Amino acid sequence: MKYSFIVPVYNRPDEVDELLASLLTQTVTDFEVVIVEDGSSTPCKEVCDKYADRLRLYYYMKPNSGPGQSRNYGAERAKGEYLIVLDSDVVLPEGYLRAVDDELCREPADAFGGPDRAHDLFTDTQKAISYSMTSFLTTGGIRGGKKKLDKFYPRSYNMGVRRDVYLRLGGFSKMRFGEDIDFSIRIFKAGCRCRLFPEAWVWHKRRTDFRKFFRQVFNSGIARINLYKKYPESLKLVHLLPMVFTVGATVLVLTSAVGRALMHYDDLHRWYWLCAGPWLPILLYCLLILVDSTAANRSLKVGLLSVPAAFIQLYGYGCGFLTAWWKRCVKGQDEFHAFDKTFYK
């Protein structure tokens, strides 16, 4: 067997249903599906049973240990030459596996990954979040893609690895967040060939509201410092951009507040530009996001929602980064992360 899809699941039976339905549409059929239920209180066993006679599907239930260890659990039981790791909130277009197969036939790879997109049926908030995570105007260039600021590191929502490489490197570490980047770094360090497959894209739902989205990106910022402590060379200048944005935007707002206070106690016109001026770059950035997202999504509402989504992403990541830098690099604390109990709520 050539391919094994490995999907860790935590309380997402409806999403698993959509993912399995999309696997039925694949034009390349030499694959199996390994579902690993990670201690869910709402399991997807009944959903998987619906597809048992139409897919080579294997369902496993285990105690909760996080997505990384659940993927390793599935990899140990998979039989494919290539292991393709997906998030449970992913849906595949019918040409996904054909694109993967064509790329591997054209040029071998030890590991690979593809981009993600927003489906037309996603909510406007999901589309805005997807835009903020993929746009070159936010951190899309850091995450890797056709336009990228850093080399491509496969992410666990759409990541493929040769089975022998996966097992030789020990799979995912016990890091709760950033474990996919940690694995990608180890793949590069082992001298393996890792490639971006531009046409092997997926629809990725990500978070469904801004509160959950903030929790996700806050932990991503923390993970970047945790990765830096393990691999100092992994921290590049581009990874500092969300932190620089966070500090810069905060300074601009505080400067405006000082100007407003001075206007109250002194001559109004003397301090007008100190109050209004700092908002100009912020408003310009908002306008840029609004225009670009509206054009990309062909929706003014999504464009409007993309503005807070972009700020939540950059501020959340930046705040998580600064929090972890202070705790780990200044105070010398051990690895940590946040929102453990409420991350999926």
# chains A, B, ... in the order shown; residues from 1 in each chain; ligands from 1
>>> select_by_dssp(residues="range 82-271 of chain A", states="strand (DSSP E)", output="PyMOL selection string")
chain A and resi 82-86+90-91+111-113+116-117+158-162+194-196+202-204
>>> residues_around(residues="Val34 in chain A", least_positions_apart="5", cutoff="8 Å", atoms="only C-alpha atoms", output="compact mmCIF listing (two decimals) with N, CA and C atoms, in the first residue's frame")
# COMPACT_ATOMS: atom_id res chain seq x y z
N SER A 4 -0.98 6.06 3.68
CA SER A 4 -1.79 5.91 4.89
C SER A 4 -2.13 7.31 5.39
N PHE A 5 -3.42 7.61 5.48
CA PHE A 5 -3.87 8.87 6.09
C PHE A 5 -4.00 8.65 7.59
N ILE A 6 -3.37 9.50 8.37
CA ILE A 6 -3.43 9.41 9.82
C ILE A 6 -4.12 10.67 10.35
N VAL A 7 -5.21 10.46 11.09
CA VAL A 7 -6.03 11.59 11.56
C VAL A 7 -6.29 11.46 13.05
N LEU A 57 -10.50 1.45 6.45
CA LEU A 57 -10.53 2.36 7.58
C LEU A 57 -10.30 1.60 8.88
N TYR A 58 -9.38 2.14 9.69
CA TYR A 58 -9.05 1.53 10.97
C TYR A 58 -9.26 2.57 12.06
N TYR A 59 -10.06 2.21 13.04
CA TYR A 59 -10.41 3.13 14.12
C TYR A 59 -9.79 2.66 15.42
N TYR A 60 -9.12 3.58 16.13
CA TYR A 60 -8.50 3.26 17.42
C TYR A 60 -8.93 4.30 18.45
N GLY A 74 -0.92 6.22 15.54
CA GLY A 74 -1.43 5.79 14.25
C GLY A 74 -0.32 5.34 13.31
N ALA A 78 0.17 1.93 10.93
CA ALA A 78 -0.08 2.16 9.51
C ALA A 78 0.81 1.27 8.65
>>> residues_around(residues="range 191-200 of chain A", least_positions_apart="4", cutoff="8 Å", atoms="only C-alpha atoms", output="PyMOL selection string")
chain A and resi 95-97+99-100+103+109-115+145-146+152-154+187
>>> write_last_selection(atoms="N, CA, C and O atoms", output="compact mmCIF listing (two decimals), in the first residue's frame")
# COMPACT_ATOMS: atom_id res chain seq x y z
N GLY A 95 -8.97 15.99 -6.27
CA GLY A 95 -7.67 15.82 -6.91
C GLY A 95 -6.49 15.84 -5.96
O GLY A 95 -5.34 15.85 -6.40
N TYR A 96 -6.75 15.83 -4.65
CA TYR A 96 -5.66 15.96 -3.68
C TYR A 96 -4.62 14.85 -3.82
O TYR A 96 -3.42 15.11 -4.03
N LEU A 97 -5.04 13.60 -3.71
CA LEU A 97 -4.07 12.51 -3.71
C LEU A 97 -3.45 12.33 -5.09
O LEU A 97 -2.30 11.91 -5.20
N ALA A 99 -2.62 14.84 -6.99
CA ALA A 99 -1.57 15.85 -7.00
C ALA A 99 -0.34 15.37 -6.23
O ALA A 99 0.80 15.57 -6.67
N VAL A 100 -0.56 14.72 -5.07
CA VAL A 100 0.55 14.16 -4.30
C VAL A 100 1.27 13.10 -5.11
O VAL A 100 2.51 13.08 -5.20
N GLU A 103 3.37 14.52 -8.00
CA GLU A 103 4.59 15.17 -7.53
C GLU A 103 5.65 14.15 -7.14
O GLU A 103 6.83 14.32 -7.46
N ALA A 109 10.55 12.65 -2.73
CA ALA A 109 10.65 13.50 -1.54
C ALA A 109 10.53 12.62 -0.30
O ALA A 109 9.79 11.64 -0.29
N ASP A 110 11.29 12.96 0.73
CA ASP A 110 11.18 12.24 2.00
C ASP A 110 10.03 12.79 2.83
O ASP A 110 9.44 12.06 3.63
N ALA A 111 9.74 14.07 2.65
CA ALA A 111 8.63 14.71 3.37
C ALA A 111 8.07 15.81 2.48
O ALA A 111 8.77 16.35 1.62
N PHE A 112 6.82 16.13 2.69
CA PHE A 112 6.17 17.13 1.84
C PHE A 112 4.96 17.70 2.56
O PHE A 112 4.52 17.20 3.60
N GLY A 113 4.43 18.74 2.00
CA GLY A 113 3.22 19.34 2.54
C GLY A 113 2.60 20.23 1.49
O GLY A 113 3.20 20.50 0.45
N GLY A 114 1.38 20.67 1.76
CA GLY A 114 0.68 21.53 0.83
C GLY A 114 0.00 22.68 1.54
O GLY A 114 -0.11 22.69 2.77
N PRO A 115 -0.49 23.64 0.79
CA PRO A 115 -1.17 24.81 1.38
C PRO A 115 -2.61 24.49 1.75
O PRO A 115 -3.08 23.35 1.58
N GLY A 145 5.07 28.98 1.44
CA GLY A 145 4.15 28.87 0.33
C GLY A 145 4.84 29.33 -0.93
O GLY A 145 6.05 29.43 -1.00
N LYS A 146 4.07 29.66 -1.97
CA LYS A 146 4.68 30.12 -3.21
C LYS A 146 5.43 31.43 -2.98
O LYS A 146 6.50 31.66 -3.52
N PHE A 152 10.15 26.19 3.38
CA PHE A 152 8.87 25.55 3.66
C PHE A 152 9.01 24.46 4.71
O PHE A 152 9.79 23.52 4.56
N TYR A 153 8.25 24.60 5.79
CA TYR A 153 8.14 23.57 6.83
C TYR A 153 6.73 23.00 6.79
O TYR A 153 5.77 23.71 7.04
N PRO A 154 6.57 21.72 6.46
CA PRO A 154 5.23 21.13 6.44
C PRO A 154 4.54 21.27 7.78
O PRO A 154 5.17 21.15 8.84
N ILE A 187 13.52 16.74 10.47
CA ILE A 187 13.59 16.16 9.11
C ILE A 187 14.70 16.84 8.31
O ILE A 187 15.51 16.18 7.65
>>> closest_residue(among="A:Trp326, A:Trp271, A:Tyr228, A:Tyr82", to="Pro108 in chain A", atoms="only C-alpha atoms")
A:Tyr82
>>> atom_distance(atom1="CA of Val253 in chain A", atom2="CA of Thr138 in chain A")
19.7 Å
>>> closest_residue(among="A:Lys79, A:Arg54, A:Arg71, A:Arg186", to="Met1 in chain A", atoms="only C-alpha atoms")
A:Lys79
>>> closest_residue(among="A:Ala296, A:Ile289, A:Val244, A:Leu92", to="Pro308 in chain A", atoms="only C-alpha atoms")
A:Ile289
>>> residues_around(residues="range 44-53 of chain A", least_positions_apart="5", cutoff="8 Å", atoms="only C-alpha atoms", output="CSV table (one decimal) with C-alpha atoms, in the first residue's frame")
chain,number,residue,atom,x,y,z
A,11,ASN,CA,-14.5,15.6,19.9
A,12,ARG,CA,-15.1,16.3,16.2
A,13,PRO,CA,-17.4,13.6,14.8
A,14,ASP,CA,-19.1,16.0,12.3
A,16,VAL,CA,-14.6,13.5,10.6
A,17,ASP,CA,-17.7,12.7,8.6
A,20,LEU,CA,-14.1,10.7,5.2
A,37,GLU,CA,-9.6,8.9,18.9
A,59,TYR,CA,-10.4,3.1,14.1
>>> closest_residue(among="A:Pro281, A:Pro93, A:Gly39, A:Gly221", to="Gln313 in chain A", atoms="only C-alpha atoms")
A:Gly221
>>> select_by_dssp(residues="range 124-249 of chain A", states="alpha helix (DSSP H)", output="number ranges by chain")
A: 124-134, 140-143, 163-169, 179-189, 210-230, 241-249
>>> closest_residue(among="A:Glu81, A:Asp180, A:Asp89, A:Asp38", to="Ser22 in chain A", atoms="only C-alpha atoms")
A:Asp89
>>> atom_distance(atom1="CA of His239 in chain A", atom2="CA of Phe183 in chain A")
17.7 Å
>>> closest_residue(among="A:Glu32, A:Gly80, A:Lys229, A:Tyr131", to="Ala295 in chain A", atoms="only C-alpha atoms")
A:Tyr131
>>> residues_around(residues="Gly320 in chain A", least_positions_apart="2", cutoff="7 Å", atoms="only C-alpha atoms", output="PyMOL selection string")
chain A and resi 218-219+221-222+316-318+322-324
>>> atom_distance(atom1="CA of Leu290 in chain A", atom2="CA of Val307 in chain A")
6.3 Å
>>> residues_around(residues="Ser40 in chain A", least_positions_apart="6", cutoff="8 Å", atoms="only C-alpha atoms", output="NGL selection string")
:A and (9-11 or 64)
